[in-house]
file data_19.txt (compact mmCIF, C-alpha atoms)
# COMPACT_ATOMS: atom_id res chain seq x y z
CA MET A 15 0.00 0.00 0.00
CA GLY A 16 1.37 3.42 -0.98
CA VAL A 17 1.23 6.78 0.76
CA ALA A 18 -1.35 9.34 -0.38
CA LEU A 19 0.00 12.88 -0.17
CA TYR A 20 -1.74 16.17 -0.83
CA ALA A 21 0.99 18.67 -1.75
CA GLY A 22 0.93 22.33 -2.68
CA ALA A 23 1.66 22.94 -6.35
CA GLY A 24 4.59 25.18 -5.42
CA LEU A 25 6.28 22.22 -3.77
CA ARG A 26 6.05 19.98 -6.81
CA PRO A 27 9.64 20.27 -8.19
CA ALA A 28 11.10 19.15 -4.86
CA VAL A 29 8.39 16.65 -3.93
CA GLU A 30 8.76 14.78 -7.22
CA ASP A 31 12.47 14.36 -6.53
CA LEU A 32 11.79 13.35 -2.92
CA VAL A 33 9.23 10.77 -3.99
CA ARG A 34 11.64 9.20 -6.49
CA ALA A 35 14.51 9.07 -4.02
CA PHE A 36 12.27 7.64 -1.27
CA ARG A 37 10.95 4.94 -3.60
CA THR A 38 14.49 3.99 -4.59
CA GLU A 39 15.56 3.75 -0.96
CA THR A 40 12.51 2.01 0.52
CA GLY A 41 10.42 0.59 -2.32
CA ILE A 42 7.45 2.55 -0.95
CA GLU A 43 5.33 4.47 -3.45
CA VAL A 44 4.11 7.96 -2.56
CA VAL A 45 1.24 9.16 -4.73
CA ALA A 46 1.09 12.96 -4.70
CA ASP A 47 -1.91 15.09 -5.64
CA TYR A 48 -0.78 18.65 -6.45
CA ALA A 49 -2.92 21.78 -6.46
CA GLY A 50 -3.21 25.20 -4.92
CA SER A 51 -3.56 25.06 -1.13
CA GLY A 52 -7.10 26.43 -1.17
CA VAL A 53 -8.13 23.60 -3.48
CA LEU A 54 -6.18 20.96 -1.54
CA ILE A 55 -7.81 21.68 1.79
CA SER A 56 -11.23 20.97 0.28
CA ARG A 57 -9.99 17.64 -1.08
CA ALA A 58 -8.26 16.64 2.15
CA ARG A 59 -11.33 17.56 4.16
CA GLU A 60 -13.48 15.06 2.23
CA ASP A 61 -10.90 12.29 1.80
CA ASP A 62 -11.24 9.39 4.22
CA ASP A 63 -8.00 7.72 3.07
CA ALA A 64 -5.45 10.56 2.87
CA ASP A 65 -2.15 10.03 4.68
CA LEU A 66 -0.34 13.38 4.46
CA PHE A 67 -1.27 17.02 3.86
CA MET A 68 1.49 19.46 2.89
CA PRO A 69 0.09 22.76 1.56
CA GLY A 70 1.97 26.02 1.00
CA ASP A 71 1.57 27.24 4.57
CA VAL A 72 0.85 25.92 8.06
CA TRP A 73 -2.33 28.04 8.08
CA TYR A 74 -4.11 25.43 5.95
CA VAL A 75 -2.97 22.55 8.15
CA ASP A 76 -4.26 24.37 11.23
CA ARG A 77 -7.49 25.18 9.40
CA LEU A 78 -7.98 21.53 8.42
CA GLN A 79 -7.54 20.60 12.07
CA GLU A 80 -10.14 23.18 13.09
CA LEU A 81 -12.60 21.86 10.53
CA THR A 82 -12.07 18.12 10.90
CA GLY A 83 -9.74 17.26 13.78
CA LYS A 84 -7.81 15.04 11.33
CA VAL A 85 -4.29 16.34 11.94
CA VAL A 86 -2.32 14.01 14.22
CA SER A 87 1.02 15.85 14.00
CA LYS A 88 2.82 18.66 12.17
CA THR A 89 6.44 18.54 11.02
CA GLN A 90 8.44 21.47 9.69
CA VAL A 91 9.70 20.95 6.12
CA SER A 92 10.53 24.26 4.47
CA TRP A 93 9.96 28.01 4.27
CA PHE A 94 8.77 30.07 1.29
CA VAL A 95 10.02 33.64 0.87
CA PRO A 96 7.93 35.67 -1.60
CA VAL A 97 9.86 37.54 -4.29
CA ILE A 98 8.95 39.65 -7.31
CA ILE A 99 9.75 38.18 -10.70
CA VAL A 100 9.74 40.21 -13.92
CA ARG A 101 10.35 39.49 -17.59
CA LYS A 102 13.99 38.88 -18.47
CA GLY A 103 15.82 42.18 -18.76
CA ASN A 104 13.04 43.94 -16.83
CA PRO A 105 11.82 45.99 -19.83
CA LYS A 106 9.22 47.83 -17.72
CA LYS A 107 11.88 48.87 -15.15
CA ILE A 108 9.91 47.44 -12.25
CA ALA A 109 11.70 48.03 -8.95
CA ALA A 110 9.13 47.57 -6.18
CA LEU A 111 5.54 46.60 -5.39
CA ASP A 112 4.32 50.15 -6.09
CA ASP A 113 5.14 49.61 -9.76
CA PHE A 114 2.46 46.92 -9.96
CA PHE A 115 -0.10 49.74 -9.92
CA ARG A 116 1.23 51.49 -13.02
CA ASP A 117 -1.14 51.47 -16.00
CA ASP A 118 1.57 50.13 -18.30
CA VAL A 119 2.38 47.10 -16.12
CA LYS A 120 0.44 43.84 -16.45
CA VAL A 121 0.57 41.85 -13.22
CA ALA A 122 -0.31 38.25 -12.37
CA LEU A 123 -1.13 37.14 -8.82
CA GLY A 124 -2.44 33.94 -7.33
CA ASN A 125 -6.15 33.66 -6.62
CA PRO A 126 -6.37 34.13 -2.82
CA LYS A 127 -9.08 31.49 -2.51
CA ALA A 128 -7.14 28.92 -4.54
CA CYS A 129 -3.49 29.12 -3.49
CA GLN A 130 -1.29 30.29 -0.63
CA VAL A 131 0.80 32.63 -2.77
CA GLY A 132 -2.41 34.44 -3.69
CA ARG A 133 -3.51 34.72 -0.08
CA ILE A 134 -0.11 35.95 1.07
CA SER A 135 0.27 38.42 -1.82
CA GLY A 136 -2.73 40.31 -0.48
CA GLU A 137 -1.13 40.36 2.97
CA ILE A 138 2.14 41.69 1.55
CA LEU A 139 0.40 44.46 -0.38
CA ARG A 140 -1.61 45.48 2.70
CA LYS A 141 1.56 45.49 4.79
CA ASN A 142 2.99 47.99 2.30
CA GLY A 143 -0.10 50.19 2.34
CA LEU A 144 -1.29 48.96 -1.05
CA ASP A 145 -4.76 47.76 -2.07
CA ARG A 146 -4.88 44.69 -4.31
CA SER A 147 -8.36 45.59 -5.52
CA ARG A 148 -6.95 48.74 -7.13
CA LEU A 149 -4.53 46.90 -9.44
CA PRO A 150 -5.32 48.11 -12.97
CA ASN A 151 -4.08 45.08 -14.95
CA VAL A 152 -4.16 41.85 -12.97
CA LYS A 153 -4.43 38.24 -14.13
CA GLU A 154 -5.15 35.53 -11.56
CA SER A 155 -3.81 31.99 -11.38
CA LEU A 156 -4.82 28.87 -9.47
CA THR A 157 -1.21 27.89 -8.68
CA VAL A 158 2.13 29.60 -8.15
CA ASN A 159 3.63 27.48 -10.94
CA GLU A 160 1.40 29.18 -13.51
CA LEU A 161 2.68 32.57 -12.39
CA GLY A 162 6.26 31.60 -13.10
CA VAL A 163 5.33 30.32 -16.56
CA TRP A 164 3.32 33.45 -17.43
CA VAL A 165 6.21 35.77 -16.60
CA LYS A 166 8.71 33.48 -18.32
CA MET A 167 6.60 33.46 -21.50
CA GLY A 168 6.02 37.22 -21.41
CA ASP A 169 2.25 36.98 -20.93
CA VAL A 170 2.59 39.37 -17.96
CA ASP A 171 5.25 41.79 -16.79
CA ALA A 172 5.52 40.86 -13.12
CA SER A 173 4.28 38.61 -10.34
CA ILE A 174 4.86 37.57 -6.74
CA VAL A 175 6.06 33.96 -6.40
CA TRP A 176 8.00 31.81 -3.95
CA ASP A 177 11.78 32.11 -4.00
CA ALA A 178 11.96 28.39 -4.87
CA ILE A 179 9.74 28.85 -7.91
CA ALA A 180 11.85 31.83 -8.97
CA ALA A 181 14.98 29.69 -8.64
CA ASN A 182 13.52 27.10 -10.99
CA VAL A 183 12.84 29.70 -13.74
CA ALA A 184 15.82 31.96 -12.99
CA ASP A 185 17.25 31.52 -16.49
CA ALA A 186 14.16 33.14 -18.00
CA VAL A 187 13.17 35.87 -15.49
CA ASP A 188 14.74 38.52 -13.31
CA VAL A 189 14.21 38.34 -9.54
CA ILE A 190 13.61 41.35 -7.30
CA PRO A 191 13.75 40.67 -3.53
CA ILE A 192 11.10 42.12 -1.25
CA PRO A 193 12.73 43.73 1.82
CA LYS A 194 12.33 41.50 4.87
CA ASP A 195 10.47 44.16 6.86
CA LYS A 196 7.98 44.50 4.01
CA ASN A 197 7.57 40.78 3.35
CA VAL A 198 5.52 37.91 4.80
CA ILE A 199 7.19 34.49 5.05
CA SER A 200 5.25 31.26 4.48
CA ASN A 201 5.89 28.32 6.80
CA VAL A 202 5.58 24.87 5.19
CA VAL A 203 4.74 21.88 7.38
CA VAL A 204 3.46 18.39 6.60
CA GLY A 205 0.49 17.12 8.55
CA LEU A 206 0.06 13.42 9.35
CA LEU A 207 -3.66 12.65 9.15
CA SER A 208 -5.78 10.36 11.31
CA THR A 209 -7.32 8.93 8.13
CA SER A 210 -3.96 7.39 7.18
CA ARG A 211 -4.21 3.68 6.41
CA ASN A 212 -0.44 3.34 6.09
CA ARG A 213 0.81 5.42 8.98
CA ASP A 214 4.19 3.74 9.37
CA ALA A 215 5.08 4.38 5.72
CA ALA A 216 3.74 7.94 5.94
CA LYS A 217 5.94 8.59 8.98
CA ARG A 218 8.93 7.16 7.12
CA PHE A 219 8.36 9.61 4.28
CA ILE A 220 8.16 12.50 6.76
CA ASP A 221 11.42 11.31 8.31
CA PHE A 222 12.99 11.08 4.86
CA MET A 223 11.95 14.61 3.88
CA THR A 224 13.53 16.01 7.03
CA SER A 225 16.64 13.81 6.91
CA GLU A 226 20.01 14.99 5.63
CA ALA A 227 19.29 13.35 2.27
CA GLY A 228 15.84 14.90 2.03
CA ARG A 229 17.08 18.35 3.00
CA ALA A 230 19.79 18.10 0.35
CA ILE A 231 17.14 17.42 -2.29
CA LEU A 232 15.08 20.39 -1.13
CA LYS A 233 18.11 22.69 -1.17
CA ARG A 234 19.16 21.51 -4.61
CA ARG A 235 15.74 22.52 -5.91
CA GLY A 236 15.97 25.96 -4.27
CA TYR A 237 13.80 25.27 -1.21
CA ARG A 238 14.83 26.62 2.18
CA THR A 239 15.27 24.10 4.99
CA GLU A 240 16.27 26.70 7.56
CA ALA A 241 14.22 29.65 8.73
CA PRO A 242 15.05 32.82 6.75

call {"tool": "encode", "arguments": {"input": "data_19.txt", "output": "structure tokens"}}
result
Amino acid sequence: MGVALYAGAGLRPAVEDLVRAFRTETGIEVVADYAGSGVLISRAREDDDADLFMPGDVWYVDRLQELTGKVVSKTQVSWFVPVIIVRKGNPKKIAALDDFFRDDVKVALGNPKACQVGRISGEILRKNGLDRSRLPNVKESLTVNELGVWVKMGDVDASIVWDAIAANVADAVDVIPIPKDKNVISNVVVGLLSTSRNRDAAKRFIDFMTSEAGRAILKRRGYRTEAP
């Protein structure tokens, strides 16, 4: 019997590598379902067989516990630091979040009801005294991965994505850090669920993700394993 994992779409590059390495080492199959965190929590809430829940932020794990009482334990895995990405060469000369509100800049952000990067983007804008609803040219995505692709392909001029996503498209975009005092960090944990039918294997995968080998895989893919 394999391990059923709900994983945030922004974690996919690393999770796919982790799943392959874990299968090679143990022979245990982990079947991952990827989507935006807002979508995943609805699926996990209704699933009576899910083993693990690893969305883009601990907020969703805590919320699932509030709604269902399913979360047996939480284990720290990674941290996401939001960054601005722009088209290669930054033709619109975007330097900060304020530039998102220029009429000549087309912006893409995550849908706040669908994915964590969308929810946190609104928090970041509010922290900087900016109102997301006043953006003149905004396109919304269901996952952070789409945002990286849209900027890479030139469909939009700028977006807010995770630093790990930016690292995976760094050859095709420019990255602009958001100052720490103006940013909001996302805390990624994996929740072990009471519905797990293969709890020993699920725990082994958690242990693997947080082991030296697992952390090396995360780091290689651009994911932080230490608090920023």

call {"tool": "atom_distance", "arguments": {"input": "data_19.txt", "atom1": "CA of Phe115 in chain A", "atom2": "CA of Pro242 in chain A"}}
result
28.2 Å

call {"tool": "closest_residue", "arguments": {"input": "data_19.txt", "among": "A:Ile174, A:Ala35, A:Ala58, A:Ile134", "to": "Thr82 in chain A", "atoms": "only C-alpha atoms"}}
result
A:Ala58

call {"tool": "atom_distance", "arguments": {"input": "data_19.txt", "atom1": "CA of Ser135 in chain A", "atom2": "CA of Tyr74 in chain A"}}
result
15.8 Å

call {"tool": "residues_near_point", "arguments": {"input": "data_19.txt", "point": "(-0.3, 47.4, -13.0)", "cutoff": "9 Å", "atoms": "all atoms listed in the file", "output": "list in words"}}
result
Asp112, Asp113, Phe114, Phe115, Arg116, Asp117, Asp118, Val119, Lys120, Val121, Arg148, Leu149, Pro150, Asn151, Val152, Asp171 and Ala172 of chain A

call {"tool": "residues_around", "arguments": {"input": "data_19.txt", "residues": "Gly162 in chain A", "least_positions_apart": "5", "cutoff": "8 Å", "atoms": "only C-alpha atoms", "output": "list in words"}}
result
Ile99, Ser173, Val175, Ile179, Ala180 and Val183 of chain A

call {"tool": "build_atoms", "arguments": {"input": "data_19.txt", "residues": "range 30-50 of chain A", "atoms": "N, CA and C atoms", "output": "PDB file, in the frame of the given file"}}
result
ATOM      1  N   GLU A  30       8.551  15.842  -6.220  1.00  0.00           N
ATOM      2  CA  GLU A  30       8.760  14.780  -7.220  1.00  0.00           C
ATOM      3  C   GLU A  30      10.119  14.119  -7.047  1.00  0.00           C
ATOM      4  N   ASP A  31      11.136  14.929  -6.767  1.00  0.00           N
ATOM      5  CA  ASP A  31      12.470  14.360  -6.530  1.00  0.00           C
ATOM      6  C   ASP A  31      12.506  13.559  -5.229  1.00  0.00           C
ATOM      7  N   LEU A  32      11.844  14.059  -4.198  1.00  0.00           N
ATOM      8  CA  LEU A  32      11.790  13.350  -2.920  1.00  0.00           C
ATOM      9  C   LEU A  32      11.090  12.009  -3.053  1.00  0.00           C
ATOM     10  N   VAL A  33       9.995  12.003  -3.793  1.00  0.00           N
ATOM     11  CA  VAL A  33       9.230  10.770  -3.990  1.00  0.00           C
ATOM     12  C   VAL A  33      10.075   9.723  -4.708  1.00  0.00           C
ATOM     13  N   ARG A  34      10.796  10.144  -5.749  1.00  0.00           N
ATOM     14  CA  ARG A  34      11.640   9.200  -6.490  1.00  0.00           C
ATOM     15  C   ARG A  34      12.751   8.637  -5.615  1.00  0.00           C
ATOM     16  N   ALA A  35      13.404   9.513  -4.865  1.00  0.00           N
ATOM     17  CA  ALA A  35      14.510   9.070  -4.020  1.00  0.00           C
ATOM     18  C   ALA A  35      14.014   8.148  -2.898  1.00  0.00           C
ATOM     19  N   PHE A  36      12.855   8.457  -2.339  1.00  0.00           N
ATOM     20  CA  PHE A  36      12.270   7.640  -1.270  1.00  0.00           C
ATOM     21  C   PHE A  36      11.889   6.263  -1.799  1.00  0.00           C
ATOM     22  N   ARG A  37      11.319   6.221  -2.995  1.00  0.00           N
ATOM     23  CA  ARG A  37      10.950   4.940  -3.600  1.00  0.00           C
ATOM     24  C   ARG A  37      12.182   4.089  -3.862  1.00  0.00           C
ATOM     25  N   THR A  38      13.250   4.717  -4.335  1.00  0.00           N
ATOM     26  CA  THR A  38      14.490   3.990  -4.590  1.00  0.00           C
ATOM     27  C   THR A  38      15.065   3.403  -3.302  1.00  0.00           C
ATOM     28  N   GLU A  39      14.978   4.177  -2.230  1.00  0.00           N
ATOM     29  CA  GLU A  39      15.560   3.750  -0.960  1.00  0.00           C
ATOM     30  C   GLU A  39      14.720   2.721  -0.232  1.00  0.00           C
ATOM     31  N   THR A  40      13.389   2.836  -0.313  1.00  0.00           N
ATOM     32  CA  THR A  40      12.510   2.010   0.520  1.00  0.00           C
ATOM     33  C   THR A  40      11.592   1.079  -0.259  1.00  0.00           C
ATOM     34  N   GLY A  41      11.378   1.367  -1.542  1.00  0.00           N
ATOM     35  CA  GLY A  41      10.420   0.590  -2.320  1.00  0.00           C
ATOM     36  C   GLY A  41       8.984   1.040  -2.086  1.00  0.00           C
ATOM     37  N   ILE A  42       8.792   2.059  -1.265  1.00  0.00           N
ATOM     38  CA  ILE A  42       7.450   2.550  -0.950  1.00  0.00           C
ATOM     39  C   ILE A  42       7.037   3.635  -1.944  1.00  0.00           C
ATOM     40  N   GLU A  43       5.852   3.501  -2.490  1.00  0.00           N
ATOM     41  CA  GLU A  43       5.330   4.470  -3.450  1.00  0.00           C
ATOM     42  C   GLU A  43       4.568   5.575  -2.724  1.00  0.00           C
ATOM     43  N   VAL A  44       4.872   6.817  -3.053  1.00  0.00           N
ATOM     44  CA  VAL A  44       4.110   7.960  -2.560  1.00  0.00           C
ATOM     45  C   VAL A  44       3.372   8.557  -3.748  1.00  0.00           C
ATOM     46  N   VAL A  45       2.061   8.617  -3.656  1.00  0.00           N
ATOM     47  CA  VAL A  45       1.240   9.160  -4.730  1.00  0.00           C
ATOM     48  C   VAL A  45       0.820  10.572  -4.321  1.00  0.00           C
ATOM     49  N   ALA A  46       1.328  11.565  -5.062  1.00  0.00           N
ATOM     50  CA  ALA A  46       1.090  12.960  -4.700  1.00  0.00           C
ATOM     51  C   ALA A  46       0.015  13.582  -5.585  1.00  0.00           C
ATOM     52  N   ASP A  47      -0.873  14.323  -4.958  1.00  0.00           N
ATOM     53  CA  ASP A  47      -1.910  15.090  -5.640  1.00  0.00           C
ATOM     54  C   ASP A  47      -1.541  16.566  -5.446  1.00  0.00           C
ATOM     55  N   TYR A  48      -1.241  17.271  -6.537  1.00  0.00           N
ATOM     56  CA  TYR A  48      -0.780  18.650  -6.450  1.00  0.00           C
ATOM     57  C   TYR A  48      -1.879  19.625  -6.861  1.00  0.00           C
ATOM     58  N   ALA A  49      -1.980  20.704  -6.109  1.00  0.00           N
ATOM     59  CA  ALA A  49      -2.920  21.780  -6.460  1.00  0.00           C
ATOM     60  C   ALA A  49      -2.627  22.968  -5.565  1.00  0.00           C
ATOM     61  N   GLY A  50      -3.311  24.070  -5.814  1.00  0.00           N
ATOM     62  CA  GLY A  50      -3.210  25.200  -4.920  1.00  0.00           C
ATOM     63  C   GLY A  50      -3.745  24.827  -3.543  1.00  0.00           C
TER      64      GLY A  50
END
